[in-house]
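The next block is target_3.cif, given as mmCIF, C-alpha atoms.
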data_start
loop_
_atom_site.label_atom_id
_atom_site.label_comp_id
_atom_site.auth_asym_id
_atom_site.auth_seq_id
_atom_site.Cartn_x
_atom_site.Cartn_y
_atom_site.Cartn_z
CA MET A 1 84.98 149.52 31.20
CA ARG A 2 86.08 152.42 28.96
CA THR A 3 83.76 153.93 26.40
CA LEU A 4 85.06 155.56 23.26
CA SER A 5 83.04 158.52 22.03
CA ILE A 6 83.32 159.18 18.30
CA GLY A 7 81.38 162.43 18.32
CA ARG A 8 78.93 164.18 16.01
CA GLY A 9 80.60 163.05 12.76
CA ALA A 10 79.95 159.40 13.56
CA SER A 11 76.52 159.26 11.94
CA ALA A 12 77.80 160.90 8.75
CA LEU A 13 80.76 158.53 8.69
CA SER A 14 78.61 155.45 9.29
CA GLY A 15 76.20 156.62 6.58
CA THR A 16 79.10 157.03 4.15
CA LEU A 17 80.46 153.59 4.99
CA LEU A 18 77.02 152.03 4.64
CA GLY A 19 76.58 153.74 1.26
CA ALA A 20 79.95 152.47 0.06
CA LEU A 21 79.10 148.95 1.21
CA MET A 22 75.73 149.04 -0.56
CA LEU A 23 77.36 150.33 -3.75
CA GLY A 24 79.91 147.50 -3.60
CA LEU A 25 77.18 144.89 -3.11
CA ALA A 26 75.17 146.36 -5.98
CA ALA A 27 78.20 146.21 -8.25
CA CYS A 28 78.70 142.53 -7.41
CA ALA A 29 75.06 141.76 -8.04
CA THR A 30 75.12 143.32 -11.50
CA GLY A 31 78.27 141.52 -12.60
CA SER A 32 80.22 144.74 -12.92
CA VAL A 33 83.88 145.38 -12.32
CA GLY A 34 85.26 145.71 -8.80
CA ILE A 35 88.61 147.06 -7.61
CA SER A 36 90.59 145.34 -4.89
CA THR A 37 94.20 146.06 -3.99
CA GLY A 38 94.75 147.98 -7.23
CA LEU A 39 93.55 145.08 -9.37
CA ARG A 40 90.25 145.27 -11.26
CA THR A 41 88.27 142.05 -11.26
CA TYR A 42 85.01 140.81 -12.78
CA VAL A 43 82.40 138.38 -11.44
CA VAL A 44 83.07 134.88 -12.77
CA ARG A 45 80.15 132.86 -14.15
CA THR A 46 79.44 129.71 -12.15
CA PRO A 47 78.62 126.77 -14.40
CA ALA A 48 75.16 125.26 -14.22
CA PRO A 49 74.87 121.63 -13.12
CA GLY A 50 75.95 119.42 -16.02
CA ASP A 51 77.77 122.29 -17.76
CA ASP A 52 81.08 120.54 -18.47
CA ASN A 53 83.03 123.04 -20.54
CA LEU A 54 82.67 126.78 -20.24
CA CYS A 55 85.63 127.57 -22.48
CA PRO A 56 85.31 127.58 -26.25
CA VAL A 57 88.10 125.84 -28.13
CA SER A 58 88.70 128.80 -30.44
CA LEU A 59 91.78 130.98 -30.19
CA ALA A 60 92.05 134.71 -30.89
CA VAL A 61 93.66 135.60 -34.22
CA GLU A 62 95.61 138.42 -32.51
CA PRO A 63 95.69 137.51 -28.80
CA VAL A 64 96.59 140.01 -26.10
CA VAL A 65 100.26 139.47 -25.16
CA GLY A 66 102.40 141.47 -22.78
CA ASP A 67 104.82 141.37 -19.88
CA LEU A 68 103.43 141.89 -16.38
CA ALA A 69 104.42 145.28 -14.97
CA GLY A 70 103.11 147.62 -12.33
CA ASP A 71 103.67 150.33 -9.80
CA GLN A 72 102.47 150.01 -6.22
CA SER A 73 102.16 153.79 -5.90
CA ALA A 74 100.09 154.23 -9.09
CA ALA A 75 96.61 155.71 -8.72
CA GLY A 76 93.86 153.26 -9.72
CA ASP A 77 95.18 150.21 -11.59
CA LYS A 78 98.50 149.20 -10.09
CA SER A 79 99.33 146.58 -12.74
CA TRP A 80 99.21 146.26 -16.52
CA LEU A 81 100.78 144.32 -19.36
CA VAL A 82 103.43 145.92 -21.55
CA ALA A 83 103.16 145.02 -25.25
CA LYS A 84 106.22 144.60 -27.51
CA ASP A 85 105.84 148.20 -28.69
CA GLY A 86 105.86 149.47 -25.08
CA THR A 87 102.11 150.17 -24.91
CA ARG A 88 100.43 149.61 -21.55
CA LEU A 89 97.56 147.16 -21.81
CA TYR A 90 95.09 147.27 -18.92
CA VAL A 91 93.33 144.04 -17.97
CA VAL A 92 90.36 143.17 -15.75
CA TRP A 93 91.08 139.83 -14.08
CA PRO A 94 88.72 137.11 -12.80
CA GLN A 95 87.20 137.59 -9.37
CA GLY A 96 89.47 136.23 -6.65
CA PHE A 97 92.69 137.21 -8.42
CA SER A 98 94.93 139.40 -6.31
CA LEU A 99 98.01 141.54 -6.65
CA ALA A 100 100.98 141.89 -4.32
CA PHE A 101 104.32 143.66 -4.66
CA GLY A 102 107.73 142.46 -3.65
CA PRO A 103 109.65 144.12 -5.33
CA GLY A 104 107.57 144.04 -8.55
CA PRO A 105 103.97 142.93 -9.16
CA ILE A 106 102.97 139.37 -8.27
CA LEU A 107 99.67 138.12 -9.72
CA ARG A 108 97.82 135.35 -7.88
CA ASP A 109 94.74 133.40 -8.93
CA GLU A 110 91.62 132.73 -6.87
CA VAL A 111 93.37 130.05 -4.79
CA SER A 112 96.38 132.34 -4.10
CA ARG A 113 98.65 130.44 -6.49
CA VAL A 114 101.28 132.70 -8.07
CA VAL A 115 100.49 132.74 -11.81
CA ALA A 116 102.84 135.54 -12.90
CA GLU A 117 105.54 137.81 -11.54
CA SER A 118 107.08 141.04 -12.76
CA GLY A 119 108.34 140.73 -16.33
CA ALA A 120 106.57 137.42 -17.04
CA MET A 121 104.98 137.24 -20.48
CA ILE A 122 101.24 136.70 -20.24
CA THR A 123 99.14 135.62 -23.21
CA LEU A 124 95.36 135.86 -23.16
CA PRO A 125 94.82 133.24 -25.90
CA GLN A 126 91.08 133.76 -26.27
CA VAL A 127 91.05 137.58 -26.04
CA ASN A 128 91.40 139.43 -29.34
CA ARG A 129 93.67 142.47 -29.16
CA PHE A 130 91.35 144.51 -31.38
CA ASP A 131 88.16 143.87 -29.36
CA HIS A 132 89.13 146.60 -26.85
CA ALA A 133 91.63 149.43 -26.71
CA GLY A 134 93.37 148.07 -23.61
CA THR A 135 93.19 151.49 -21.97
CA VAL A 136 92.02 152.28 -18.44
CA GLY A 137 88.63 153.24 -19.90
CA ASP A 138 88.37 150.25 -22.29
CA PRO A 139 90.37 147.40 -20.73
CA TYR A 140 90.65 143.79 -21.83
CA PHE A 141 88.84 141.11 -19.83
CA ALA A 142 90.95 138.04 -19.06
CA VAL A 143 88.37 135.42 -20.05
CA GLY A 144 88.52 131.91 -21.43
CA SER A 145 91.42 129.55 -20.94
CA LEU A 146 93.96 131.16 -18.62
CA PHE A 147 96.71 129.71 -16.39
CA GLY A 148 95.27 126.19 -16.75
CA SER A 149 91.72 127.15 -15.75
CA CYS A 150 88.63 128.46 -17.48
CA TYR A 151 87.03 131.82 -16.64
CA GLN A 152 83.83 133.21 -18.11
CA ARG A 153 82.43 136.61 -17.26
CA SER A 154 79.04 136.66 -15.57
CA MET A 155 76.76 139.07 -17.38
CA PRO A 156 73.96 140.93 -15.57
#

Could you rewrite the structure in this file as structure tokens?
Amino acid sequence: MRTLSIGRGASALSGTLLGALMLGLAACATGSVGISTGLRTYVVRTPAPGDDNLCPVSLAVEPVVGDLAGDQSAAGDKSWLVAKDGTRLYVVWPQGFSLAFGPGPILRDEVSRVVAESGAMITLPQVNRFDHAGTVGDPYFAVGSLFGSCYQRSMP
């Protein structure tokens, strides 16, 4: 049987990994935003027993609308929406959503169903364009009725 010796840096490395894991678990527990595969996601609220409809029936006066775009080599967010005027609109998606590339961005929902591909127009019908700036620092949250499902953000 062969034994692999990692050396003196092993305890520092394991401490760093443990710290990162704890930080990730703390972020999930507080309902904050997580980053996975270049796609920011939020914790989705689970309905209470008997809670039939999480989505309000109202629509945004000026909904967020843009074409899916992205760059696999981008630092941080690897996808965004592009508005008619060319502005990048950054979005935080529901937990479980994922992003792949081939050749452009492919957005999948929590059951791995493709919901949008590069260039597809996405409308967030219950997200008002003026509620956030849509920047990296103040992104939109894809909540409400979306791709035939309902997503509500879990608040800490």

Practice task
Considering all atoms listed in the file, state which residue in the set A:Ile106, A:Leu39, A:Pro94, A:Thr87 is at the smallest distance from Ala74 (chain A).
Solution key: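 Nearest candidate to Ala74 (chain A) out of A:Ile106, A:Leu39, A:Pro94, A:Thr87: A:Leu39.
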
Problem - Point-to-point distance from CA of Phe97 (chain A) to CA of Val61 (chain A), Å rounded to tenths - result: 25.9 Å

Expansion of the PyMOL selection byres ((chain A and resi 90) around 10) into residues, as a compact mmCIF listing (two decimals) with C-alpha atoms, keeping the file's coordinate frame:
# COMPACT_ATOMS: atom_id res chain seq x y z
CA LEU A 39 93.55 145.08 -9.37
CA ARG A 40 90.25 145.27 -11.26
CA ASP A 77 95.18 150.21 -11.59
CA LYS A 78 98.50 149.20 -10.09
CA SER A 79 99.33 146.58 -12.74
CA TRP A 80 99.21 146.26 -16.52
CA LEU A 81 100.78 144.32 -19.36
CA VAL A 82 103.43 145.92 -21.55
CA THR A 87 102.11 150.17 -24.91
CA ARG A 88 100.43 149.61 -21.55
CA LEU A 89 97.56 147.16 -21.81
CA VAL A 91 93.33 144.04 -17.97
CA VAL A 92 90.36 143.17 -15.75
CA TRP A 93 91.08 139.83 -14.08
CA HIS A 132 89.13 146.60 -26.85
CA ALA A 133 91.63 149.43 -26.71
CA GLY A 134 93.37 148.07 -23.61
CA THR A 135 93.19 151.49 -21.97
CA VAL A 136 92.02 152.28 -18.44
CA GLY A 137 88.63 153.24 -19.90
CA ASP A 138 88.37 150.25 -22.29
CA PRO A 139 90.37 147.40 -20.73
CA TYR A 140 90.65 143.79 -21.83
CA PHE A 141 88.84 141.11 -19.83

Practice task
Tell me, in Å to one decimal, how far CA of Met121 (chain A) is from CA of Leu68 (chain A).
Solution key: 6.4 Å

Exercise for the section: Fewer than 2 positions away in the same chain doesn't count, so skip those; otherwise give me all residues within 6 Å of region 99-105 of chain A, counting only C-alpha atoms, as a list in words. Expected result: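 Listed by chain and then number, they are Gly70, Leu107, Glu117 and Ser118 of chain A.
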
Exercise for the section: Scan for residues within 9 Å of the point (91.0, 133.5, -19.0) in the coordinates of the file, using only C-alpha atoms, and reply as number ranges by chain. Expected result: A: 55, 93-94, 124-127, 141-152

Work out where the centre of an axis-aligned box around every listed atom of region 41-45 of chain A lies and how long its edges are once 6 Å is added on each side; give both in Å to one decimal as JSON.
{"center_x": 84.2, "center_y": 137.5, "center_z": -12.7, "size_x": 20.1, "size_y": 21.2, "size_z": 14.9}

Exercise for the section: Find, counting all atoms listed in the file, the residue in A:Val43, A:Gly38, A:Pro56, A:Ala83 that gets nearest to Ala120 (chain A). Expected result: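 Closest to Ala120 (chain A), using all atoms listed in the file: A:Ala83.
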
Exercise for the section: Measuring atom to atom with only C-alpha atoms, identify which of A:Arg153, A:Thr123, A:Gly66, A:Ser112 is nearest to Asp85 (chain A). Expected result: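 Once distances to Asp85 (chain A) are computed over only C-alpha atoms, the minimum belongs to A:Gly66.
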